[in-house]
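S.K.: Structure supplied as query.cif; contents: mmCIF, C-alpha atoms and all ligand atoms.
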```
data_target
#
loop_
_atom_site.label_atom_id
_atom_site.label_comp_id
_atom_site.auth_asym_id
_atom_site.auth_seq_id
_atom_site.Cartn_x
_atom_site.Cartn_y
_atom_site.Cartn_z
CA LEU A 1 13.41 -45.31 -99.76
CA ARG A 2 12.09 -46.70 -103.04
CA ASP A 3 8.77 -44.86 -102.54
CA LEU A 4 10.62 -41.67 -101.69
CA LEU A 5 12.80 -41.86 -104.80
CA VAL A 6 9.80 -42.45 -107.05
CA ALA A 7 7.87 -39.58 -105.41
CA SER A 8 10.84 -37.25 -105.69
CA LEU A 9 10.80 -37.54 -109.50
CA ARG A 10 7.83 -35.18 -109.48
CA SER A 11 10.17 -32.33 -108.53
CA PRO A 12 12.06 -30.60 -111.35
CA PHE A 13 15.28 -30.78 -109.35
CA TYR A 14 15.35 -34.52 -108.66
CA ASN A 15 13.92 -35.32 -112.05
CA ALA A 16 16.85 -33.58 -113.69
CA GLN A 17 19.29 -35.19 -111.26
CA PHE A 18 18.29 -38.81 -111.44
CA GLY A 19 15.31 -39.13 -113.77
CA GLU A 20 17.49 -41.21 -116.05
CA LEU A 21 18.39 -43.78 -113.41
CA ASP A 22 16.48 -47.03 -113.28
CA LEU A 23 14.64 -46.76 -109.97
CA HIS A 24 12.75 -49.96 -110.57
CA VAL A 25 13.94 -52.46 -108.03
CA ASP A 26 13.61 -56.19 -108.31
CA ASP A 27 12.55 -57.80 -105.05
CA ALA A 28 14.84 -60.72 -105.81
CA HIS A 29 17.81 -58.47 -105.11
CA PRO A 30 17.95 -57.61 -101.43
CA ALA A 31 18.47 -53.97 -100.42
CA PRO A 32 19.66 -52.69 -103.80
CA GLU A 33 18.22 -49.29 -102.82
CA PHE A 34 21.20 -48.64 -100.60
CA GLU A 35 23.56 -49.33 -103.44
CA LEU A 36 21.47 -47.02 -105.60
CA LEU A 37 21.49 -44.32 -102.92
CA SER A 38 25.27 -44.20 -102.85
CA ARG A 39 25.27 -43.37 -106.57
CA LEU A 40 22.94 -40.39 -106.18
CA PRO A 41 24.47 -36.90 -106.03
CA ILE A 42 24.94 -35.17 -102.68
CA LEU A 43 22.64 -32.24 -101.97
CA THR A 44 24.22 -29.17 -100.36
CA ARG A 45 22.59 -26.24 -98.63
CA SER A 46 23.82 -23.75 -101.19
CA GLU A 47 22.09 -25.75 -103.94
CA VAL A 48 18.80 -25.58 -102.05
CA GLN A 49 19.28 -21.87 -101.41
CA ARG A 50 19.62 -21.09 -105.10
CA ALA A 51 15.83 -21.04 -105.47
CA ASP A 52 14.31 -20.77 -102.04
CA GLY A 53 10.70 -20.51 -100.89
CA LEU A 54 7.66 -21.70 -102.83
CA HIS A 55 9.72 -21.65 -106.03
CA SER A 56 12.03 -24.32 -104.68
CA PRO A 57 12.60 -26.95 -107.38
CA LEU A 58 12.74 -29.55 -104.58
CA LEU A 59 8.96 -29.34 -104.09
CA CYS A 60 7.12 -32.43 -105.35
CA VAL A 61 3.57 -31.36 -104.58
CA ALA A 62 1.16 -28.53 -105.39
CA PRO A 63 1.31 -25.60 -102.94
CA GLU A 64 -2.35 -26.26 -101.99
CA THR A 65 -1.30 -29.45 -100.18
CA LEU A 66 1.26 -27.73 -97.95
CA VAL A 67 0.15 -26.95 -94.41
CA ARG A 68 3.26 -26.09 -92.44
CA VAL A 69 5.99 -23.57 -93.18
CA HIS A 70 9.29 -23.43 -91.31
CA HIS A 71 12.52 -21.55 -91.63
CA THR A 72 15.95 -22.81 -90.64
CA SER A 73 17.65 -20.86 -87.87
CA GLY A 74 20.73 -20.05 -89.93
CA SER A 75 22.78 -20.57 -86.77
CA SER A 76 25.71 -21.89 -88.75
CA GLY A 77 26.08 -18.53 -90.45
CA ALA A 78 25.27 -20.16 -93.79
CA GLY A 79 22.01 -18.26 -94.19
CA SER A 80 18.55 -19.73 -93.76
CA LEU A 81 16.05 -21.50 -95.96
CA TRP A 82 12.33 -22.29 -96.11
CA VAL A 83 10.92 -25.78 -95.73
CA PHE A 84 7.34 -26.92 -96.27
CA ASP A 85 5.32 -29.90 -95.07
CA THR A 86 2.16 -31.61 -96.19
CA ALA A 87 -0.22 -32.79 -93.45
CA GLU A 88 1.13 -36.33 -93.94
CA ASP A 89 4.75 -35.20 -93.64
CA TRP A 90 3.95 -33.32 -90.47
CA GLU A 91 2.25 -36.34 -88.95
CA ALA A 92 5.42 -38.35 -89.58
CA ILE A 93 7.47 -35.68 -87.78
CA VAL A 94 5.16 -35.79 -84.77
CA ASN A 95 5.39 -39.59 -84.81
CA ALA A 96 9.19 -39.40 -84.68
CA TRP A 97 8.93 -37.20 -81.59
CA THR A 98 6.48 -39.69 -80.10
CA ARG A 99 9.20 -42.34 -80.35
CA ALA A 100 11.37 -40.21 -78.08
CA LEU A 101 8.50 -39.75 -75.61
CA ASP A 102 7.88 -43.51 -75.49
CA LEU A 103 11.55 -44.18 -74.95
CA TYR A 104 11.59 -41.93 -71.89
CA GLU A 105 8.15 -43.05 -70.71
CA ILE A 106 6.52 -39.65 -70.96
CA GLY A 107 2.72 -39.89 -70.98
CA PRO A 108 -0.54 -39.08 -69.20
CA GLY A 109 0.06 -37.59 -65.76
CA ASP A 110 3.25 -35.85 -66.85
CA ARG A 111 3.37 -32.07 -67.10
CA ALA A 112 5.73 -30.54 -69.61
CA LEU A 113 7.17 -27.06 -70.09
CA VAL A 114 8.55 -26.37 -73.56
CA CYS A 115 11.10 -23.54 -73.58
CA ALA A 116 11.13 -22.66 -77.26
CA SER A 117 10.68 -19.50 -79.23
CA TYR A 118 8.32 -21.24 -81.70
CA GLY A 119 7.72 -18.78 -84.54
CA ARG A 120 8.93 -20.07 -87.90
CA PHE A 121 11.71 -22.09 -86.27
CA ILE A 122 10.71 -25.78 -86.30
CA GLY A 123 12.46 -26.38 -82.97
CA PHE A 124 10.05 -27.94 -80.53
CA TRP A 125 6.83 -27.59 -82.57
CA GLY A 126 6.84 -31.33 -83.27
CA LEU A 127 7.56 -32.17 -79.66
CA HIS A 128 4.74 -29.91 -78.46
CA GLU A 129 2.23 -31.69 -80.67
CA ALA A 130 3.55 -35.15 -79.74
CA LEU A 131 3.21 -34.30 -76.03
CA ILE A 132 -0.44 -33.31 -76.47
CA ASN A 133 -1.13 -36.44 -78.56
CA ARG A 134 0.33 -38.53 -75.75
CA GLY A 135 -1.99 -36.94 -73.17
CA VAL A 136 0.68 -34.83 -71.44
CA MET A 137 -0.31 -31.47 -69.94
CA THR A 138 1.83 -29.13 -72.03
CA VAL A 139 2.65 -25.47 -71.54
CA SER A 140 4.71 -23.18 -73.73
CA GLY A 141 7.24 -20.90 -72.08
CA ALA A 142 7.75 -18.90 -75.29
CA ASP A 143 6.79 -15.50 -73.89
CA LEU A 144 8.35 -15.90 -70.45
CA ASP A 145 11.77 -15.01 -69.10
CA THR A 146 13.86 -17.32 -66.95
CA VAL A 147 12.46 -16.14 -63.60
CA ALA A 148 8.88 -16.58 -64.83
CA ARG A 149 9.62 -20.04 -66.26
CA ALA A 150 11.12 -21.15 -62.95
CA ALA A 151 8.01 -19.88 -61.16
CA LEU A 152 5.80 -21.80 -63.62
CA ILE A 153 7.69 -25.04 -62.93
CA ASP A 154 6.83 -24.60 -59.28
CA ARG A 155 3.24 -23.44 -59.73
CA LEU A 156 2.17 -26.16 -62.20
CA GLY A 157 4.28 -28.96 -60.78
CA ILE A 158 6.11 -29.37 -64.09
CA ASN A 159 8.10 -32.63 -64.26
CA VAL A 160 9.42 -32.57 -67.85
CA VAL A 161 11.33 -29.59 -69.27
CA ALA A 162 12.39 -29.22 -72.91
CA ALA A 163 15.05 -26.68 -73.90
CA THR A 164 18.33 -26.25 -75.75
CA PRO A 165 21.22 -27.57 -73.61
CA SER A 166 22.64 -24.08 -73.03
CA TYR A 167 19.29 -22.69 -71.97
CA ALA A 168 18.52 -25.73 -69.80
CA LEU A 169 21.72 -24.87 -67.94
CA VAL A 170 20.64 -21.23 -67.46
CA LEU A 171 17.21 -22.33 -66.18
CA GLY A 172 18.74 -25.11 -64.08
CA ARG A 173 20.99 -22.62 -62.32
CA GLN A 174 17.99 -20.38 -61.66
CA ILE A 175 16.15 -23.28 -60.07
CA ARG A 176 19.07 -24.88 -58.22
CA GLY A 177 18.43 -25.21 -54.49
CA VAL A 178 14.67 -24.86 -54.97
CA GLU A 179 12.53 -27.97 -54.50
CA HIS A 180 10.94 -29.06 -57.79
CA ARG A 181 9.37 -32.14 -59.40
CA VAL A 182 11.33 -32.12 -62.67
CA ARG A 183 12.40 -35.70 -63.43
CA LEU A 184 13.55 -35.28 -67.03
CA VAL A 185 15.22 -32.52 -69.03
CA LEU A 186 14.88 -33.12 -72.77
CA THR A 187 17.39 -31.16 -74.84
CA SER A 188 17.76 -30.49 -78.56
CA GLY A 189 19.20 -27.99 -81.01
CA GLU A 190 22.88 -27.76 -80.07
CA ALA A 191 25.89 -30.03 -79.68
CA ARG A 192 25.98 -31.22 -76.06
CA PRO A 193 29.41 -32.44 -74.90
CA SER A 194 29.57 -34.82 -71.93
CA ALA A 195 30.74 -32.13 -69.48
CA THR A 196 27.58 -30.15 -70.33
CA ARG A 197 25.53 -33.29 -69.70
CA LYS A 198 27.15 -33.62 -66.27
CA ALA A 199 26.59 -29.93 -65.49
CA LEU A 200 22.90 -30.33 -66.43
CA GLU A 201 22.54 -33.38 -64.20
CA GLN A 202 24.04 -31.47 -61.30
CA ALA A 203 21.94 -28.35 -61.85
CA TRP A 204 18.65 -30.25 -62.15
CA SER A 205 19.20 -33.47 -60.15
CA ALA A 206 17.12 -35.08 -62.91
CA SER A 207 17.58 -37.40 -65.90
CA ILE A 208 18.90 -35.77 -69.05
CA ALA A 209 17.97 -36.89 -72.57
CA ASP A 210 19.20 -35.41 -75.82
CA THR A 211 17.55 -35.49 -79.24
CA ALA A 212 18.87 -34.21 -82.54
CA GLY A 213 17.72 -33.67 -86.04
CA MET A 214 17.53 -30.77 -88.40
CA THR A 215 14.82 -28.57 -89.90
CA GLU A 216 15.62 -29.84 -93.39
CA VAL A 217 14.97 -33.47 -92.48
CA GLY A 218 11.91 -32.73 -90.37
CA THR A 219 13.25 -32.26 -86.85
CA ILE A 220 14.34 -35.33 -84.96
CA SER A 221 16.06 -38.35 -86.41
CA MET A 222 18.23 -39.19 -83.40
CA VAL A 223 17.53 -39.85 -79.73
CA GLU A 224 19.93 -40.34 -76.84
CA CYS A 225 20.08 -44.02 -76.02
CA PRO A 226 18.82 -44.70 -72.49
CA ASP A 227 21.17 -47.70 -72.34
CA SER A 228 24.31 -45.74 -73.20
CA PRO A 229 23.90 -42.14 -72.02
CA GLY A 230 25.75 -39.62 -74.14
CA ASP A 231 25.33 -41.51 -77.42
CA LEU A 232 22.71 -40.65 -80.02
CA HIS A 233 20.76 -43.43 -81.70
CA VAL A 234 19.75 -43.00 -85.35
CA LEU A 235 16.03 -43.68 -85.87
CA ASP A 236 16.36 -45.96 -88.90
CA ASP A 237 12.77 -45.63 -90.05
CA VAL A 238 12.88 -41.82 -90.03
CA ALA A 239 16.09 -41.24 -91.95
CA ILE A 240 18.94 -43.04 -93.64
CA GLU A 241 22.17 -41.59 -92.37
CA GLU A 242 25.51 -42.03 -94.09
CA VAL A 243 28.71 -40.74 -92.49
CA LEU A 244 31.20 -39.52 -95.07
CA HIS A 245 34.74 -38.19 -94.94
CA PRO A 246 34.64 -34.35 -95.10
CA GLU A 247 36.99 -34.24 -98.10
CA THR A 248 36.90 -37.55 -99.98
CA ARG A 249 33.15 -38.03 -99.36
CA GLU A 250 33.77 -41.76 -98.92
CA PRO A 251 32.09 -43.59 -96.03
CA VAL A 252 34.19 -43.49 -92.83
CA ALA A 253 34.90 -46.60 -90.78
CA ASP A 254 33.31 -47.07 -87.38
CA GLY A 255 35.12 -44.93 -84.80
CA GLU A 256 36.17 -42.27 -87.32
CA LEU A 257 34.92 -38.70 -87.47
CA GLY A 258 32.80 -37.84 -90.52
CA VAL A 259 29.91 -35.71 -91.79
CA ARG A 260 26.28 -36.86 -91.52
CA VAL A 261 24.62 -37.14 -94.92
CA VAL A 262 20.90 -37.62 -94.39
CA THR A 263 18.06 -38.92 -96.51
CA ALA A 264 14.80 -38.09 -94.74
CA LEU A 265 12.42 -40.95 -95.50
CA THR A 266 9.24 -39.32 -94.29
CA ARG A 267 9.36 -35.87 -95.86
CA ARG A 268 7.79 -36.43 -99.28
CA GLY A 269 6.44 -32.98 -100.18
CA MET A 270 9.92 -31.45 -100.14
CA PRO A 271 12.41 -34.31 -99.99
CA PHE A 272 15.99 -33.89 -98.90
CA ILE A 273 17.92 -36.76 -100.43
CA ARG A 274 21.58 -37.28 -99.45
CA TYR A 275 21.67 -33.93 -97.71
CA TRP A 276 25.12 -32.78 -96.57
CA THR A 277 24.40 -31.60 -93.00
CA ASN A 278 27.90 -30.45 -92.01
CA ASP A 279 27.32 -32.14 -88.63
CA LEU A 280 30.40 -34.05 -87.43
CA VAL A 281 29.78 -37.44 -85.80
CA THR A 282 31.63 -40.63 -84.93
CA PRO A 283 29.54 -43.70 -85.87
CA VAL A 284 29.92 -46.89 -83.85
CA ALA A 285 27.97 -50.12 -83.56
CA PRO A 286 25.60 -49.86 -80.60
CA ALA A 287 26.58 -51.71 -77.42
CA CYS A 288 23.04 -51.56 -76.05
CA ASN A 289 19.86 -53.61 -76.08
CA CYS A 290 17.36 -50.88 -76.87
CA GLN A 291 16.80 -52.13 -80.48
CA LEU A 292 16.40 -48.54 -81.67
CA GLY A 293 18.61 -48.71 -84.70
CA ALA A 294 21.73 -50.20 -86.20
CA ARG A 295 24.00 -47.29 -85.39
CA VAL A 296 24.86 -44.82 -82.64
CA TYR A 297 26.89 -41.63 -82.75
CA ARG A 298 29.40 -41.72 -79.93
CA GLY A 299 29.08 -38.58 -77.80
CA GLY A 300 26.32 -37.23 -80.05
CA ILE A 301 26.96 -34.46 -82.56
CA GLN A 302 30.45 -33.10 -82.07
CA GLY A 303 30.15 -29.88 -84.01
CA ARG A 304 30.00 -28.51 -87.52
CA ALA A 305 32.52 -29.26 -90.21
CA ASP A 306 32.70 -25.56 -91.17
CA ASP A 307 33.74 -24.67 -87.58
CA MET A 308 36.79 -26.96 -87.68
CA THR A 309 39.98 -24.92 -87.44
CA LYS A 310 43.63 -25.79 -87.17
CA ILE A 311 45.27 -24.01 -84.21
CA ARG A 312 48.97 -24.57 -83.47
CA GLY A 313 48.88 -27.62 -85.69
CA VAL A 314 45.93 -29.36 -84.02
CA TRP A 315 42.30 -29.57 -85.13
CA PHE A 316 39.94 -27.61 -82.94
CA LEU A 317 36.14 -27.82 -82.61
CA PRO A 318 34.09 -25.50 -80.34
CA SER A 319 32.61 -28.49 -78.47
CA MET A 320 36.15 -29.34 -77.28
CA LEU A 321 36.36 -25.98 -75.52
CA GLU A 322 32.86 -26.45 -74.10
CA GLU A 323 34.00 -29.79 -72.69
CA VAL A 324 36.81 -27.99 -70.81
CA ILE A 325 34.69 -25.00 -69.70
CA ARG A 326 31.70 -26.98 -68.41
CA SER A 327 33.92 -28.90 -65.99
CA PHE A 328 34.31 -25.60 -64.08
CA PRO A 329 31.12 -24.93 -62.08
CA GLU A 330 32.45 -21.44 -61.33
CA VAL A 331 32.03 -20.40 -64.99
CA ALA A 332 28.65 -18.68 -65.43
CA GLU A 333 28.96 -18.00 -69.18
CA PHE A 334 31.58 -17.97 -71.92
CA ARG A 335 32.21 -17.26 -75.57
CA SER A 336 35.14 -17.82 -77.91
CA ARG A 337 36.59 -16.56 -81.13
CA VAL A 338 39.31 -17.85 -83.40
CA GLU A 339 41.41 -14.92 -84.63
CA LEU A 340 44.90 -13.90 -85.71
CA ASP A 341 47.27 -12.40 -83.14
CA GLU A 342 49.81 -9.62 -83.84
CA ARG A 343 52.23 -12.19 -85.30
CA ASP A 344 49.50 -13.56 -87.61
CA MET A 345 49.29 -16.77 -85.60
CA THR A 346 45.86 -18.40 -85.25
CA VAL A 347 44.72 -18.18 -81.63
CA LEU A 348 41.61 -19.02 -79.65
CA ALA A 349 40.40 -16.06 -77.58
CA VAL A 350 38.10 -17.12 -74.72
CA GLU A 351 36.00 -14.77 -72.59
CA VAL A 352 34.70 -16.14 -69.33
CA GLU A 353 32.29 -14.78 -66.72
CA LEU A 354 32.70 -16.19 -63.22
CA ASP A 355 29.71 -16.88 -60.96
CA PRO A 356 29.90 -13.97 -58.45
CA SER A 357 28.27 -16.06 -55.69
CA LEU A 358 31.21 -18.47 -55.62
CA ASN A 359 33.93 -15.84 -54.82
CA THR A 360 36.46 -17.50 -57.08
CA VAL A 361 39.98 -16.07 -57.04
CA GLU A 362 40.55 -15.08 -60.69
CA ARG A 363 44.24 -15.89 -60.72
CA ASP A 364 43.69 -19.38 -59.30
CA PHE A 365 40.95 -20.10 -61.82
CA ALA A 366 43.11 -18.87 -64.71
CA MET A 367 45.97 -21.13 -63.67
CA VAL A 368 43.89 -24.31 -63.48
CA PHE A 369 41.96 -23.45 -66.66
CA ASP A 370 45.20 -22.87 -68.52
CA ALA A 371 46.61 -26.26 -67.53
CA ASP A 372 43.36 -28.15 -68.25
CA ALA A 373 42.89 -26.47 -71.63
CA LYS A 374 46.48 -27.17 -72.67
CA ARG A 375 46.11 -30.82 -71.71
CA GLN A 376 42.73 -31.35 -73.40
CA LEU A 377 43.04 -29.12 -76.47
CA GLY A 378 46.76 -29.39 -77.12
CA PHE A 379 47.26 -25.60 -77.08
CA ARG A 380 46.69 -22.67 -74.71
CA PRO A 381 43.72 -20.38 -75.38
CA GLN A 382 43.97 -16.67 -74.54
CA LEU A 383 41.75 -16.28 -71.51
CA THR A 384 40.04 -13.04 -70.49
CA ILE A 385 37.84 -12.88 -67.41
CA VAL A 386 35.05 -10.36 -68.02
CA PRO A 387 32.65 -8.78 -65.49
CA PRO A 388 29.35 -10.60 -64.76
CA GLY A 389 26.58 -9.79 -67.25
CA THR A 390 28.94 -8.97 -70.17
CA ILE A 391 28.12 -12.01 -72.32
CA PRO A 392 24.58 -12.30 -73.78
CA ARG A 393 22.53 -15.16 -72.30
CA SER A 394 20.30 -17.63 -74.08
CA GLU A 395 16.61 -16.81 -73.66
CA GLY A 396 15.65 -20.22 -74.99
CA GLY A 397 16.75 -20.01 -78.62
CA LYS A 398 20.01 -21.24 -80.06
CA VAL A 399 23.10 -19.31 -79.07
CA ARG A 400 26.33 -18.97 -80.99
CA ARG A 401 29.11 -19.03 -78.43
CA PHE A 402 31.79 -19.40 -81.08
CA GLU A 403 32.87 -17.33 -84.04
CA ARG A 404 35.78 -17.28 -86.43
CA ALA A 405 37.31 -14.04 -87.59
CA PRO A 406 36.87 -13.74 -91.39
CA GLU A 407 40.65 -13.55 -91.93
CA VAL A 408 41.19 -17.02 -90.44
CA ALA A 409 41.03 -19.79 -93.01
CA ALA A 410 39.11 -22.97 -92.18
ZN ZN B 1 20.53 -47.96 -77.66
#
```
Could you render the structure as structure tokens?
M.R.:
Amino acid sequence: LRDLLVASLRSPFYNAQFGELDLHVDDAHPAPEFELLSRLPILTRSEVQRADGLHSPLLCVAPETLVRVHHTSGSSGAGSLWVFDTAEDWEAIVNAWTRALDLYEIGPGDRALVCASYGRFIGFWGLHEALINRGVMTVSGADLDTVARAALIDRLGINVVAATPSYALVLGRQIRGVEHRVRLVLTSGEARPSATRKALEQAWSASIADTAGMTEVGTISMVECPDSPGDLHVLDDVAIEEVLHPETREPVADGELGVRVVTALTRRGMPFIRYWTNDLVTPVAPACNCQLGARVYRGGIQGRADDMTKIRGVWFLPSMLEEVIRSFPEVAEFRSRVELDERDMTVLAVEVELDPSLNTVERDFAMVFDADAKRQLGFRPQLTIVPPGTIPRSEGGKVRRFERAPEVAA
């Protein structure tokens, strides 16, 4: 952290922000950096967006030393931004991915299919390179559709598949009932509630492992703990993560919901220091023996702070609906929207496609869904069952299955 802070002073932005602070740290005082960190200002996305691209005042190095260029997906609707890496920064990103591979014992002899769109999106670029470094036969499924990817799994004897959770479910359903060698499905890029984890396990009959990070901090900084499935472990040597209250910006206690604020330790060419991610997590002390880090996020990332909406007096997050929906195997796809009804009441409209092969009686499904949703969410969504093929499917990239009408306040 000390090295990062000193290096960051070469950027006009950080120099103006904390050039006056005494960054010199006396070794006699243990861990004063953390105390110093908490006094630094919080960096928001809109600040970074003010001067985007190669003119970004966050850059600490000459453009000649930059080798990789990525672009955030903008999936939160907040617009996208450019990030740059030096060769050294990129190596650190690949190393972080290697940690995940080691944890799940992926190495020579394994054969991996990476279902990513690549392009400027950082997504699985780091994973792809880490797989090759580890001696894994690696194939990209970027230009293939779901049928062709399923055929490739069979033809090459693929045993590790990487995809977003929603796409892994689409591919898993395609492959269900077919004999395959896949032993591990590695997911990343979206919140993955526990019902989705269960649905993935059922579709693939394989182990499921989640990873999470963010383009701005250099892809992954969290890995699902093999000792406590469902929880994400913070990789302490990749990033310092604080969890702050969405409004007061004070640290939350263990067990409380807060926003991840990340300081990426390894990205030095374009540092993100105390970056407000908007990701909602519940930090707890780990109850495992994996020695990965001092903190886990219970249930992984629960959603985005800017998606939180009050409906009928209770706080709602899209992952809560996903948790309800994914417990119904008869649901093939869904999407939701928070809007105002004719009485100006905030409501959650849910569209659902049923799997035609299961011959579900619509009225029976609606009745059970209604009761389950009321019990788990605290209010009744407005359910519409739409014909098969109405809702767009993931082709491997991130999918927004939730939106909020502009007239609804957060
Ligand atoms: Zn652990």
S.K.: Determine, using all atoms listed in the file, which residues of chain A have any atom at most 6 Å from an atom of ligand ZN 1 (chain B), and tabulate each with its shortest atom pair and distance in Å to one decimal place, rows ordered by chain and then rising number, as JSON lines.
M.R.:
```
{"residue": "A:Cys225", "atom": "CA", "partner": "B:ZN1", "partner_atom": "ZN", "distance": 4.3}
{"residue": "A:Asp227", "atom": "CA", "partner": "B:ZN1", "partner_atom": "ZN", "distance": 5.4}
{"residue": "A:Cys288", "atom": "CA", "partner": "B:ZN1", "partner_atom": "ZN", "distance": 4.7}
{"residue": "A:Asn289", "atom": "CA", "partner": "B:ZN1", "partner_atom": "ZN", "distance": 5.9}
{"residue": "A:Cys290", "atom": "CA", "partner": "B:ZN1", "partner_atom": "ZN", "distance": 4.4}
{"residue": "A:Leu292", "atom": "CA", "partner": "B:ZN1", "partner_atom": "ZN", "distance": 5.8}
```
S.K.: I want to know what sits within 10 Å of A:Arg267, based on all atoms listed in the file, with residues of the same chain fewer than 2 positions away left out; could you give that as a list in words?
M.R.: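 That gives Leu4, Phe84, Asp85, Thr86, Glu88, Asp89, Trp90, Glu91, Ala92, Ile93, Glu216, Val217, Gly218, Val238, Ala239, Thr263, Ala264, Leu265, Gly269, Met270, Pro271, Phe272 and Ile273 of chain A.
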S.K.: If we count all atoms listed in the file and set the cut-off at 12 Å, which residues sit around A:Gly378, ignoring sequence neighbours fewer than 4 positions away in its own chain? Please answer as a list in words.
M.R.: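 Contacts, with the query itself left out: Lys310, Ile311, Arg312, Gly313, Val314, Trp315, Phe316, Met320, Leu321, Val324, Leu348, Asp370, Ala371, Asp372, Ala373 and Lys374 of chain A.
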S.K.: Just how far from atom CA of A:Asp306 is atom CA of A:Leu232, in Å to one decimal?
M.R.: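 Here the two named atoms are 21.3 Å from each other.
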S.K.: Excluding same-chain residues fewer than 6 positions from A:Ser140, what lies within 9 Å of it counting only C-alpha atoms, as a count of residues only?
M.R.: 8
S.K.: Starting from the structure just given, write a file holding stretch 205-210 of chain A with all heavy atoms, as a short mmCIF file (atom, residue, chain, number, x, y, z; two decimals), in the first residue's frame.
M.R.:
```cif
data_model
loop_
_atom_site.label_atom_id
_atom_site.label_comp_id
_atom_site.auth_asym_id
_atom_site.auth_seq_id
_atom_site.Cartn_x
_atom_site.Cartn_y
_atom_site.Cartn_z
N SER A 205 -24.14 -31.15 -12.94
CA SER A 205 -23.61 -32.24 -12.10
C SER A 205 -22.10 -32.09 -11.96
O SER A 205 -21.34 -33.03 -12.17
CB SER A 205 -23.93 -33.62 -12.69
OG SER A 205 -25.29 -33.73 -12.96
N ALA A 206 -21.66 -30.87 -11.64
CA ALA A 206 -20.23 -30.58 -11.50
C ALA A 206 -20.04 -29.60 -10.35
O ALA A 206 -21.01 -29.06 -9.81
CB ALA A 206 -19.70 -29.95 -12.80
N SER A 207 -18.77 -29.38 -9.95
CA SER A 207 -18.50 -28.36 -8.92
C SER A 207 -18.68 -26.98 -9.52
O SER A 207 -18.42 -26.77 -10.71
CB SER A 207 -17.07 -28.49 -8.41
OG SER A 207 -16.83 -29.77 -7.92
N ILE A 208 -19.07 -26.04 -8.69
CA ILE A 208 -19.30 -24.67 -9.13
C ILE A 208 -18.39 -23.77 -8.31
O ILE A 208 -18.33 -23.90 -7.09
CB ILE A 208 -20.77 -24.26 -8.91
CG1 ILE A 208 -21.75 -25.30 -9.48
CG2 ILE A 208 -21.05 -22.87 -9.47
CD1 ILE A 208 -21.72 -25.47 -10.96
N ALA A 209 -17.67 -22.86 -8.96
CA ALA A 209 -16.82 -21.91 -8.23
C ALA A 209 -17.02 -20.52 -8.79
O ALA A 209 -17.02 -20.33 -10.00
CB ALA A 209 -15.36 -22.32 -8.36
N ASP A 210 -17.21 -19.56 -7.91
CA ASP A 210 -17.44 -18.19 -8.35
C ASP A 210 -16.18 -17.35 -8.10
O ASP A 210 -15.41 -17.62 -7.18
CB ASP A 210 -18.62 -17.59 -7.58
CG ASP A 210 -19.21 -16.38 -8.29
OD1 ASP A 210 -19.08 -16.29 -9.52
OD2 ASP A 210 -19.81 -15.53 -7.60
#
```
